[in-house]
Protein chains: 2
Amino acid sequence: MKASEIRELLKLLDQPDIISFAGGIPDPELFPAAEFAKAMSEAMTGPRASQALQYSVSEGYAPLRAWLADHMGGIGVACGVENIFITSGSQQALDYFGKLLLSPGDTAMVGWPTYLGALGAFNACEPRYIPLDPWSNAAPEDLRAEAEAAGGAVKMAYLSADFANPTGETLDAEGRGRLLERAEALGIALIEDGAYQALRYDGDPVPPILATDIARNGGIENSRTIYCGSFSKTLAPGLRVGWVCAATPVIERLVLIKQAADLHSPTLNQIATERVAREIFDDHVAGLRRVYGARRDRMLAALSREMPEGVTWTRPEGGMFVWVTLPAGNDSAQLLERAVREARVAFVPGAAFFPDGSGRNTLRLSFSCADEARIDEGIARLGRLLG
Amino acid sequence: MKASEIRELLKLLDQPDIISFAGGIPDPELFPAAEFAKAMSEAMTGPRASQALQYSVSEGYAPLRAWLADHMGGIGVACGVENIFITSGSQQALDYFGKLLLSPGDTAMVGWPTYLGALGAFNACEPRYIPLDPWSNAAPEDLRAEAEAAGGAVKMAYLSADFANPTGETLDAEGRGRLLERAEALGIALIEDGAYQALRYDGDPVPPILATDIARNGGIENSRTIYCGSFSKTLAPGLRVGWVCAATPVIERLVLIKQAADLHSPTLNQIATERVAREIFDDHVAGLRRVYGARRDRMLAALSREMPEGVTWTRPEGGMFVWVTLPAGNDSAQLLERAVREARVAFVPGAAFFPDGSGRNTLRLSFSCADEARIDEGIARLGRLLG
């Protein structure tokens, strides 16, 4: 079952009697719609409208870049406006990272499993994938020799360190440090995808890898970590506003890629996002944490109650996903067909997230869009199907 | 002088005493700002806001695709919704065409000069360029052999048939037919960039090449012409909404590219654009034609009055540009430095638009953003500099 087939199947999930834990999308009920409406209305009033509707610069709207530089500072990343580049969602950042770093035959280190959209973006560059494992003791020279034998070089490592899609897992500080050391030993770029970073429901924040890199190497200009973030999970995805935070030579090359690729991200969207972020970001995200955190708790409790023996799952400290592992020999793609037909419940089969299509006994559950009663009922249906 | 150097120079042109004919941007005074403000306010009211701020499909907002299918029908291109794909401006379409059609070493036929942004987009794929000449009698087998000798194959021809950037010239029906025959003989895709198509100030419209292709080959599904359009010159560029019209297999491949590249164009921007296009497109464009047409007239009259003998220029039937050729031996990049410093007038040196950097004695003037008195004064300053 390919990603495209899963997309087609997921399109069928609009029927109201299906309880879907499939989509990894934010709950639209939680969008700050009134604030965006107000911000847009202001941006479209009087002479300001000419700016909002006109071409703008490829690097992004300066006040939004400034807000993001402050925001990154707030999570431990000391940087300036010149270290921020605005993208059309973080998916665009991933696409550009592929263009910037990968040639066909090169090796990219990624989680096993990892974010499907990252594989989609990188695949255009025809890389070879190897598992990213912070705890591995594989010698860098061996990895380099294998990459060369495969017709390229090790060029990047990619991960989401906080509440990763699809597993929900967070890499601890020690793991982050080891990963950075490994990237340094290999001389490669380390891509840190912070899409879910703000959505922590308990436990203490772990500093971004980029913050550690800066601390170790004396500033962002000496860092090899390239951080990408997104407003899609915190404010709203439909405006397509994300960002990259990195050393200025990286930013400058991304700006050239964007000039050729789509000139710039929409002006109005950046103006409105800056206004809404400046006015409500922290309070709004605090509200999201309460709602999504309660849904996570409900799903974990339901799984404990309903799953038969031999089924295991992650206990994420944030984000939108729980990752379930069925006993060996189960096939979650086959299970999905039965689940939709017989039990009217849906999820994403895990194999789609593995570069080699392994992990057939895994599946991803999202708790972001289901209310708590439906979480109970959906997990109960899944439990009966597996029981 | 490279494109990036010109961009840097053009950034200096914000001083109010400089009369700039450099930027190819629409006049912001002419944006339908009130209509966009109203459309956005409606889209952001009540439960509709959840849709406007949520993820949407990669192929684009269905009502906008439907409006565009009708619009294309109105300019002679019989097609359905399934033949329309929404892009983030037509620059994104050009980037995707490169990804879809070109591998390093392949040959692309382009105008000599041609649109700078097309070269920027295609360059990422490292093609070889050869001049696109509808009147050439070069044998297809010779072109194919040359392309093969250069390490690839002839893969595409690209042109703007109406009021091209940078020359302002329009290809007549006979030339369009010959170009289509040539593309058929070579078995290649023909990219028709319709960015300025709606901005005709006099003369009769020439049917798009895609319309001719459809008529000759029995329908859009049999056509090799891929049309891209944009709202940037007719409604507003800052929202980044463009489209592609082509056979469905092309559309389907573009949708897959977009899924991996940026998921989808912003939802709200598409909703608002559909609303504004549906309500005012024809009337609004009629108004633009009057204003821009008068500016073109004024610039052509001023050129006749002010240019010394030996200087020639195009007489465009639409668009935003007049293309000036100085006597051989002149260097318009050197002239630009003098023009900005001594005469406080600006333009774009022509060499940037030639894949091989030739055309040093040419320059591009835009009449879209200057009022008529400043056109008279600016062309007079340029005349004195050349006289």
# chains A, B, ... in the order shown; residues from 1 in each chain; ligands from 1
>>> residues_around(residues="region 163-171 of chain B", least_positions_apart="6", cutoff="6 Å", atoms="only C-alpha atoms", output="NGL selection string")
:B and (115 or 316 or 318-319 or 321-323)
>>> select_by_dssp(residues="region 120-262 of chain B", states="helix (DSSP H, G or I)", output="number ranges by chain")
B: 120-123, 140-149, 173-186, 209-217, 220-222, 248-261
>>> closest_residue(among="B:Leu385, B:Ala380, B:Ala66, B:Ala124", to="chain A", atoms="only C-alpha atoms")
B:Ala124
>>> closest_residue(among="A:Ser265, A:Thr312, A:Thr234, A:Ser366", to="Asp283 (chain A)", atoms="only C-alpha atoms")
A:Thr234
>>> residues_around(residues="region 236-242 of chain B", least_positions_apart="3", cutoff="9 Å", atoms="only C-alpha atoms", output="CSV table (one decimal) with all heavy atoms, in the first residue's frame")
chain,number,residue,atom,x,y,z
A,51,GLN,N,0.3,47.3,-0.1
A,51,GLN,CA,1.5,46.5,0.3
A,51,GLN,C,1.1,45.0,0.4
A,51,GLN,O,1.8,44.1,-0.1
A,51,GLN,CB,2.0,46.9,1.7
A,51,GLN,CG,3.2,46.1,2.2
A,51,GLN,CD,3.5,46.3,3.6
A,51,GLN,OE1,2.8,47.0,4.4
A,51,GLN,NE2,4.6,45.7,4.1
A,52,ALA,N,-0.1,44.7,1.0
A,52,ALA,CA,-0.5,43.3,1.3
A,52,ALA,C,-0.8,42.6,0.0
A,52,ALA,O,-0.6,41.4,-0.1
A,52,ALA,CB,-1.8,43.3,2.1
A,53,LEU,N,-1.1,43.3,-1.1
A,53,LEU,CA,-1.4,42.7,-2.4
A,53,LEU,C,-0.3,42.7,-3.4
A,53,LEU,O,-0.4,42.2,-4.5
A,53,LEU,CB,-2.7,43.3,-3.0
A,53,LEU,CG,-4.0,43.2,-2.2
A,53,LEU,CD1,-5.1,44.0,-2.8
A,53,LEU,CD2,-4.4,41.7,-2.2
A,54,GLN,N,0.8,43.4,-3.0
A,54,GLN,CA,1.9,43.6,-4.0
A,54,GLN,C,3.0,42.5,-3.8
A,54,GLN,O,3.0,41.8,-2.8
A,54,GLN,CB,2.5,44.9,-3.8
A,54,GLN,CG,3.6,45.4,-4.8
A,54,GLN,CD,3.1,45.4,-6.3
A,54,GLN,OE1,2.9,44.3,-6.9
A,54,GLN,NE2,3.0,46.6,-6.8
A,55,TYR,N,3.8,42.3,-4.8
A,55,TYR,CA,5.0,41.5,-4.7
A,55,TYR,C,5.8,41.9,-3.5
A,55,TYR,O,5.8,43.1,-3.1
A,55,TYR,CB,5.9,41.7,-5.9
A,55,TYR,CG,5.4,41.0,-7.2
A,55,TYR,CD1,5.1,41.8,-8.3
A,55,TYR,CD2,5.4,39.7,-7.3
A,55,TYR,CE1,4.7,41.3,-9.5
A,55,TYR,CE2,5.0,39.1,-8.5
A,55,TYR,CZ,4.6,39.9,-9.6
A,55,TYR,OH,4.2,39.3,-10.8
A,56,SER,N,6.5,40.9,-2.9
A,56,SER,CA,7.4,41.3,-1.8
A,56,SER,C,8.7,40.4,-1.9
A,56,SER,O,8.8,39.7,-2.8
A,56,SER,CB,6.7,41.1,-0.4
A,56,SER,OG,6.2,39.8,-0.3
A,262,ASP,N,9.2,30.3,-6.5
A,262,ASP,CA,7.9,30.9,-6.4
A,262,ASP,C,7.9,32.4,-6.0
A,262,ASP,O,6.9,32.9,-5.5
A,262,ASP,CB,6.9,30.1,-5.5
A,262,ASP,CG,7.3,30.1,-4.0
A,262,ASP,OD1,8.3,30.8,-3.6
A,262,ASP,OD2,6.6,29.5,-3.2
A,263,LEU,N,9.1,33.0,-6.1
A,263,LEU,CA,9.3,34.4,-5.9
A,263,LEU,C,9.3,34.7,-4.4
A,263,LEU,O,10.2,35.2,-3.8
A,263,LEU,CB,8.4,35.3,-6.6
A,263,LEU,CG,8.5,35.3,-8.2
A,263,LEU,CD1,7.5,36.3,-8.8
A,263,LEU,CD2,9.9,35.6,-8.7
A,264,HIS,N,8.1,34.5,-3.8
A,264,HIS,CA,8.0,34.8,-2.3
A,264,HIS,C,6.7,34.2,-1.8
A,264,HIS,O,5.8,33.9,-2.6
A,264,HIS,CB,8.0,36.3,-2.1
A,264,HIS,CG,6.8,37.0,-2.7
A,264,HIS,ND1,5.6,37.2,-2.0
A,264,HIS,CD2,6.6,37.6,-3.9
A,264,HIS,CE1,4.7,37.9,-2.8
A,264,HIS,NE2,5.4,38.1,-3.9
A,265,SER,N,6.6,34.0,-0.5
A,265,SER,CA,5.3,33.5,0.1
A,265,SER,C,4.3,34.7,0.1
A,265,SER,O,4.8,35.9,0.1
A,265,SER,CB,5.6,33.0,1.5
A,265,SER,OG,6.3,31.8,1.4
A,266,PRO,N,3.0,34.4,0.0
A,266,PRO,CA,2.1,35.5,-0.1
A,266,PRO,C,2.2,36.6,1.0
A,266,PRO,O,2.4,36.3,2.2
A,266,PRO,CB,0.7,34.7,0.1
A,266,PRO,CG,1.0,33.4,-0.4
A,266,PRO,CD,2.4,33.1,0.0
A,267,THR,N,2.2,37.8,0.5
A,267,THR,CA,2.5,38.9,1.4
A,267,THR,C,1.4,39.1,2.5
A,267,THR,O,1.8,39.1,3.7
A,267,THR,CB,2.5,40.2,0.6
A,267,THR,OG1,3.2,40.0,-0.7
A,267,THR,CG2,3.2,41.4,1.3
A,268,LEU,N,0.2,39.1,2.2
A,268,LEU,CA,-0.9,39.3,3.2
A,268,LEU,C,-0.8,38.2,4.3
A,268,LEU,O,-1.0,38.5,5.4
A,268,LEU,CB,-2.3,39.2,2.5
A,268,LEU,CG,-3.5,39.2,3.4
A,268,LEU,CD1,-3.6,40.5,4.2
A,268,LEU,CD2,-4.8,38.8,2.7
A,269,ASN,N,-0.6,36.9,3.8
A,269,ASN,CA,-0.5,35.9,4.8
A,269,ASN,C,0.6,36.1,5.9
A,269,ASN,O,0.4,35.8,7.0
A,269,ASN,CB,-0.3,34.5,4.1
A,269,ASN,CG,-1.3,34.2,3.0
A,269,ASN,OD1,-1.8,35.2,2.4
A,269,ASN,ND2,-1.6,33.0,2.8
B,25,ILE,N,6.3,45.3,-12.5
B,25,ILE,CA,5.2,45.0,-11.5
B,25,ILE,C,4.0,45.8,-11.9
B,25,ILE,O,4.1,46.9,-12.5
B,25,ILE,CB,5.7,45.3,-10.1
B,25,ILE,CG1,6.0,46.8,-9.9
B,25,ILE,CG2,6.9,44.4,-9.7
B,25,ILE,CD1,6.4,47.1,-8.4
B,26,PRO,N,2.8,45.3,-11.5
B,26,PRO,CA,1.6,46.1,-11.7
B,26,PRO,C,1.5,47.3,-10.8
B,26,PRO,O,2.1,47.3,-9.7
B,26,PRO,CB,0.5,45.1,-11.4
B,26,PRO,CG,1.1,44.1,-10.5
B,26,PRO,CD,2.6,44.0,-10.8
B,28,PRO,N,0.2,49.3,-8.0
B,28,PRO,CA,-0.7,48.9,-6.8
B,28,PRO,C,-1.9,49.8,-6.7
B,28,PRO,O,-2.9,49.4,-6.0
B,28,PRO,CB,0.3,49.1,-5.6
B,28,PRO,CG,1.4,49.9,-6.1
B,28,PRO,CD,1.5,49.7,-7.6
B,30,LEU,N,-3.9,50.3,-8.8
B,30,LEU,CA,-5.0,49.6,-9.6
B,30,LEU,C,-5.5,48.3,-9.0
B,30,LEU,O,-6.3,47.7,-9.6
B,30,LEU,CB,-4.5,49.4,-11.0
B,30,LEU,CG,-4.0,50.7,-11.7
B,30,LEU,CD1,-3.4,50.3,-13.1
B,30,LEU,CD2,-5.1,51.7,-11.9
B,31,PHE,N,-5.0,47.9,-7.9
B,31,PHE,CA,-5.4,46.6,-7.3
B,31,PHE,C,-6.9,46.8,-6.8
B,31,PHE,O,-7.3,47.8,-6.3
B,31,PHE,CB,-4.6,46.3,-6.0
B,31,PHE,CG,-3.2,45.9,-6.3
B,31,PHE,CD1,-2.2,46.1,-5.3
B,31,PHE,CD2,-2.8,45.4,-7.5
B,31,PHE,CE1,-0.9,45.7,-5.5
B,31,PHE,CE2,-1.4,45.1,-7.7
B,31,PHE,CZ,-0.5,45.2,-6.7
B,32,PRO,N,-7.7,45.8,-7.0
B,32,PRO,CA,-9.1,45.8,-6.5
B,32,PRO,C,-9.1,45.5,-5.0
B,32,PRO,O,-9.6,44.5,-4.6
B,32,PRO,CB,-9.8,44.7,-7.3
B,32,PRO,CG,-8.7,43.7,-7.7
B,32,PRO,CD,-7.4,44.5,-7.8
B,33,ALA,N,-8.6,46.4,-4.3
B,33,ALA,CA,-8.3,46.2,-2.8
B,33,ALA,C,-9.6,46.0,-2.1
B,33,ALA,O,-9.8,45.2,-1.2
B,33,ALA,CB,-7.5,47.3,-2.2
B,85,PHE,N,-5.0,23.3,-12.7
B,85,PHE,CA,-4.2,23.0,-11.5
B,85,PHE,C,-3.8,24.4,-11.0
B,85,PHE,O,-3.3,25.3,-11.7
B,85,PHE,CB,-2.9,22.2,-11.9
B,85,PHE,CG,-1.8,22.1,-10.9
B,85,PHE,CD1,-2.0,21.5,-9.7
B,85,PHE,CD2,-0.6,22.7,-11.2
B,85,PHE,CE1,-0.9,21.4,-8.8
B,85,PHE,CE2,0.5,22.6,-10.3
B,85,PHE,CZ,0.3,22.0,-9.1
B,86,ILE,N,-4.0,24.6,-9.7
B,86,ILE,CA,-3.6,25.9,-9.1
B,86,ILE,C,-2.2,25.9,-8.6
B,86,ILE,O,-1.8,25.0,-7.9
B,86,ILE,CB,-4.6,26.2,-7.9
B,86,ILE,CG1,-6.1,26.2,-8.4
B,86,ILE,CG2,-4.3,27.6,-7.3
B,86,ILE,CD1,-6.5,27.2,-9.5
B,87,THR,N,-1.5,27.0,-8.9
B,87,THR,CA,-0.1,27.2,-8.5
B,87,THR,C,0.0,28.4,-7.6
B,87,THR,O,-0.8,29.3,-7.6
B,87,THR,CB,0.9,27.3,-9.6
B,87,THR,OG1,0.5,28.4,-10.4
B,87,THR,CG2,0.8,26.1,-10.5
B,88,SER,N,1.2,28.5,-6.9
B,88,SER,CA,1.5,29.8,-6.2
B,88,SER,C,2.2,30.7,-7.1
B,88,SER,O,3.4,30.9,-7.1
B,88,SER,CB,2.3,29.4,-4.9
B,88,SER,OG,1.6,28.7,-4.0
B,89,GLY,N,1.4,31.4,-7.9
B,89,GLY,CA,1.9,32.2,-9.0
B,89,GLY,C,2.4,31.4,-10.2
B,89,GLY,O,2.6,30.2,-10.0
B,90,SER,N,2.5,32.0,-11.3
B,90,SER,CA,3.0,31.2,-12.5
B,90,SER,C,4.5,30.9,-12.4
B,90,SER,O,5.0,30.0,-13.0
B,90,SER,CB,2.6,31.9,-13.8
B,90,SER,OG,3.2,33.1,-14.0
B,91,GLN,N,5.2,31.6,-11.5
B,91,GLN,CA,6.6,31.2,-11.3
B,91,GLN,C,6.7,29.8,-10.8
B,91,GLN,O,7.6,29.0,-11.2
B,91,GLN,CB,7.3,32.2,-10.2
B,91,GLN,CG,8.8,31.9,-10.0
B,91,GLN,CD,9.6,32.3,-11.3
B,91,GLN,OE1,9.2,33.2,-12.0
B,91,GLN,NE2,10.7,31.6,-11.5
B,92,GLN,N,5.8,29.4,-9.9
B,92,GLN,CA,5.8,28.0,-9.4
B,92,GLN,C,5.5,27.0,-10.6
B,92,GLN,O,6.1,26.0,-10.6
B,92,GLN,CB,4.8,27.8,-8.3
B,92,GLN,CG,4.8,26.5,-7.7
B,92,GLN,CD,4.0,26.4,-6.5
B,92,GLN,OE1,2.8,26.4,-6.5
B,92,GLN,NE2,4.6,26.2,-5.3
B,93,ALA,N,4.6,27.4,-11.5
B,93,ALA,CA,4.4,26.5,-12.6
B,93,ALA,C,5.7,26.3,-13.4
B,93,ALA,O,6.0,25.2,-13.8
B,93,ALA,CB,3.3,27.1,-13.5
B,195,ALA,N,1.0,35.0,-19.0
B,195,ALA,CA,1.0,35.9,-17.9
B,195,ALA,C,0.4,37.3,-18.3
B,195,ALA,O,-0.3,37.9,-17.4
B,195,ALA,CB,2.4,36.1,-17.4
B,228,CYS,N,0.3,28.2,-18.9
B,228,CYS,CA,0.2,28.7,-17.5
B,228,CYS,C,-0.2,30.1,-17.5
B,228,CYS,O,0.1,30.9,-18.4
B,228,CYS,CB,1.6,28.5,-16.8
B,228,CYS,SG,3.0,29.4,-17.5
B,229,GLY,N,-1.0,30.5,-16.5
B,229,GLY,CA,-1.6,31.8,-16.4
B,229,GLY,C,-1.4,32.3,-14.9
B,229,GLY,O,-0.9,31.6,-14.1
B,230,SER,N,-1.7,33.5,-14.7
B,230,SER,CA,-1.5,34.2,-13.4
B,230,SER,C,-2.5,35.3,-13.2
B,230,SER,O,-2.9,36.0,-14.1
B,230,SER,CB,-0.1,34.8,-13.5
B,230,SER,OG,0.2,35.6,-12.4
B,231,PHE,N,-2.9,35.5,-11.9
B,231,PHE,CA,-3.7,36.6,-11.6
B,231,PHE,C,-2.8,37.8,-11.2
B,231,PHE,O,-3.3,38.9,-10.8
B,231,PHE,CB,-4.6,36.3,-10.4
B,231,PHE,CG,-5.7,35.4,-10.8
B,231,PHE,CD1,-5.7,34.1,-10.4
B,231,PHE,CD2,-6.8,35.9,-11.5
B,231,PHE,CE1,-6.8,33.2,-10.8
B,231,PHE,CE2,-7.9,35.1,-11.9
B,231,PHE,CZ,-7.8,33.7,-11.5
B,232,SER,N,-1.4,37.6,-11.3
B,232,SER,CA,-0.5,38.7,-10.8
B,232,SER,C,-0.6,40.0,-11.5
B,232,SER,O,-0.5,41.1,-10.9
B,232,SER,CB,0.9,38.2,-10.8
B,232,SER,OG,1.1,37.1,-9.9
B,233,LYS,N,-0.9,39.9,-12.8
B,233,LYS,CA,-1.0,41.2,-13.6
B,233,LYS,C,-2.4,41.7,-13.7
B,233,LYS,O,-2.6,42.8,-14.2
B,233,LYS,CB,-0.4,40.9,-15.0
B,233,LYS,CG,0.9,40.1,-15.0
B,233,LYS,CD,2.0,40.7,-14.2
B,233,LYS,CE,3.3,39.9,-14.4
B,233,LYS,NZ,4.3,40.1,-13.4
B,265,SER,N,-1.5,25.4,-2.4
B,265,SER,CA,-1.4,26.9,-2.3
B,265,SER,C,-2.4,27.3,-1.2
B,265,SER,O,-3.4,26.6,-0.9
B,265,SER,CB,-1.8,27.5,-3.6
B,265,SER,OG,-0.7,27.3,-4.5
B,266,PRO,N,-2.1,28.5,-0.5
B,266,PRO,CA,-3.0,28.9,0.6
B,266,PRO,C,-4.5,28.9,0.3
B,266,PRO,O,-4.9,29.4,-0.7
B,266,PRO,CB,-2.5,30.3,0.9
B,266,PRO,CG,-1.0,30.3,0.5
B,266,PRO,CD,-1.0,29.4,-0.8
B,269,ASN,N,-6.4,32.4,0.1
B,269,ASN,CA,-6.1,33.1,-1.1
B,269,ASN,C,-6.8,32.7,-2.3
B,269,ASN,O,-7.3,33.5,-3.1
B,269,ASN,CB,-4.6,33.0,-1.4
B,269,ASN,CG,-3.7,33.5,-0.2
B,269,ASN,OD1,-4.1,33.2,1.0
B,269,ASN,ND2,-2.6,34.1,-0.4
B,270,GLN,N,-7.0,31.4,-2.4
B,270,GLN,CA,-7.8,30.8,-3.5
B,270,GLN,C,-9.3,31.1,-3.4
B,270,GLN,O,-9.9,31.5,-4.4
B,270,GLN,CB,-7.6,29.3,-3.6
B,270,GLN,CG,-6.2,28.9,-3.8
B,270,GLN,CD,-6.1,27.4,-3.9
B,270,GLN,OE1,-6.6,26.8,-4.9
B,270,GLN,NE2,-5.4,26.7,-3.0
B,273,THR,N,-9.7,34.8,-4.3
B,273,THR,CA,-9.4,35.1,-5.7
B,273,THR,C,-10.6,34.6,-6.5
B,273,THR,O,-11.0,35.3,-7.5
B,273,THR,CB,-8.1,34.4,-6.1
B,273,THR,OG1,-7.0,35.0,-5.4
B,273,THR,CG2,-7.9,34.6,-7.6
>>> select_by_dssp(residues="region 148-371 of chain A", states="strand (DSSP E)", output="number ranges by chain")
A: 154-159, 189-193, 225-230, 242-245, 312-313, 321-325, 345-346, 348-349, 362-366
>>> residues_around(residues="Asn330 (chain B)", least_positions_apart="4", cutoff="9 Å", atoms="only C-alpha atoms", output="list of chain:residue names")
B:Leu326, B:Gln334, B:Leu335, B:Arg360, B:Asn361, B:Thr362
>>> write_last_selection(atoms="all heavy atoms", output="PDB file, in the first residue's frame")
ATOM      1  N   LEU B 326      19.727  49.676 -28.834  1.00  0.00           N
ATOM      2  CA  LEU B 326      20.655  50.785 -29.095  1.00  0.00           C
ATOM      3  C   LEU B 326      21.574  50.395 -30.252  1.00  0.00           C
ATOM      4  O   LEU B 326      21.695  49.211 -30.579  1.00  0.00           O
ATOM      5  CB  LEU B 326      21.492  51.060 -27.835  1.00  0.00           C
ATOM      6  CG  LEU B 326      20.710  51.284 -26.539  1.00  0.00           C
ATOM      7  CD1 LEU B 326      21.661  51.448 -25.359  1.00  0.00           C
ATOM      8  CD2 LEU B 326      19.785  52.493 -26.665  1.00  0.00           C
ATOM      9  N   GLN B 334      26.318  49.471 -18.619  1.00  0.00           N
ATOM     10  CA  GLN B 334      27.080  50.695 -18.315  1.00  0.00           C
ATOM     11  C   GLN B 334      26.169  51.909 -18.369  1.00  0.00           C
ATOM     12  O   GLN B 334      26.248  52.813 -17.532  1.00  0.00           O
ATOM     13  CB  GLN B 334      28.240  50.863 -19.307  1.00  0.00           C
ATOM     14  CG  GLN B 334      29.360  49.862 -19.066  1.00  0.00           C
ATOM     15  CD  GLN B 334      30.459  49.958 -20.127  1.00  0.00           C
ATOM     16  OE1 GLN B 334      30.402  50.809 -21.009  1.00  0.00           O
ATOM     17  NE2 GLN B 334      31.446  49.079 -20.024  1.00  0.00           N
ATOM     18  N   LEU B 335      25.267  51.897 -19.359  1.00  0.00           N
ATOM     19  CA  LEU B 335      24.321  53.011 -19.478  1.00  0.00           C
ATOM     20  C   LEU B 335      23.463  53.131 -18.216  1.00  0.00           C
ATOM     21  O   LEU B 335      23.174  54.244 -17.754  1.00  0.00           O
ATOM     22  CB  LEU B 335      23.429  52.798 -20.715  1.00  0.00           C
ATOM     23  CG  LEU B 335      22.397  53.895 -20.978  1.00  0.00           C
ATOM     24  CD1 LEU B 335      23.073  55.210 -21.377  1.00  0.00           C
ATOM     25  CD2 LEU B 335      21.391  53.471 -22.047  1.00  0.00           C
ATOM     26  N   ARG B 360      23.795  42.984 -25.334  1.00  0.00           N
ATOM     27  CA  ARG B 360      24.275  44.036 -24.435  1.00  0.00           C
ATOM     28  C   ARG B 360      23.807  45.421 -24.860  1.00  0.00           C
ATOM     29  O   ARG B 360      23.846  46.361 -24.070  1.00  0.00           O
ATOM     30  CB  ARG B 360      25.800  44.007 -24.339  1.00  0.00           C
ATOM     31  CG  ARG B 360      26.325  42.719 -23.699  1.00  0.00           C
ATOM     32  CD  ARG B 360      27.835  42.612 -23.830  1.00  0.00           C
ATOM     33  NE  ARG B 360      28.520  43.536 -22.959  1.00  0.00           N
ATOM     34  CZ  ARG B 360      28.928  43.241 -21.726  1.00  0.00           C
ATOM     35  NH1 ARG B 360      28.696  42.054 -21.227  1.00  0.00           N
ATOM     36  NH2 ARG B 360      29.552  44.136 -20.994  1.00  0.00           N
ATOM     37  N   ASN B 361      23.389  45.569 -26.104  1.00  0.00           N
ATOM     38  CA  ASN B 361      22.908  46.877 -26.578  1.00  0.00           C
ATOM     39  C   ASN B 361      21.384  46.997 -26.482  1.00  0.00           C
ATOM     40  O   ASN B 361      20.790  47.855 -27.138  1.00  0.00           O
ATOM     41  CB  ASN B 361      23.363  47.115 -28.019  1.00  0.00           C
ATOM     42  CG  ASN B 361      22.791  46.084 -28.973  1.00  0.00           C
ATOM     43  OD1 ASN B 361      22.664  44.913 -28.611  1.00  0.00           O
ATOM     44  ND2 ASN B 361      22.451  46.496 -30.188  1.00  0.00           N
ATOM     45  N   THR B 362      20.746  46.136 -25.677  1.00  0.00           N
ATOM     46  CA  THR B 362      19.286  46.202 -25.550  1.00  0.00           C
ATOM     47  C   THR B 362      18.903  46.565 -24.121  1.00  0.00           C
ATOM     48  O   THR B 362      19.697  46.403 -23.185  1.00  0.00           O
ATOM     49  CB  THR B 362      18.644  44.842 -25.899  1.00  0.00           C
ATOM     50  OG1 THR B 362      19.169  43.846 -25.026  1.00  0.00           O
ATOM     51  CG2 THR B 362      18.949  44.444 -27.347  1.00  0.00           C
TER      52      THR B 362
END
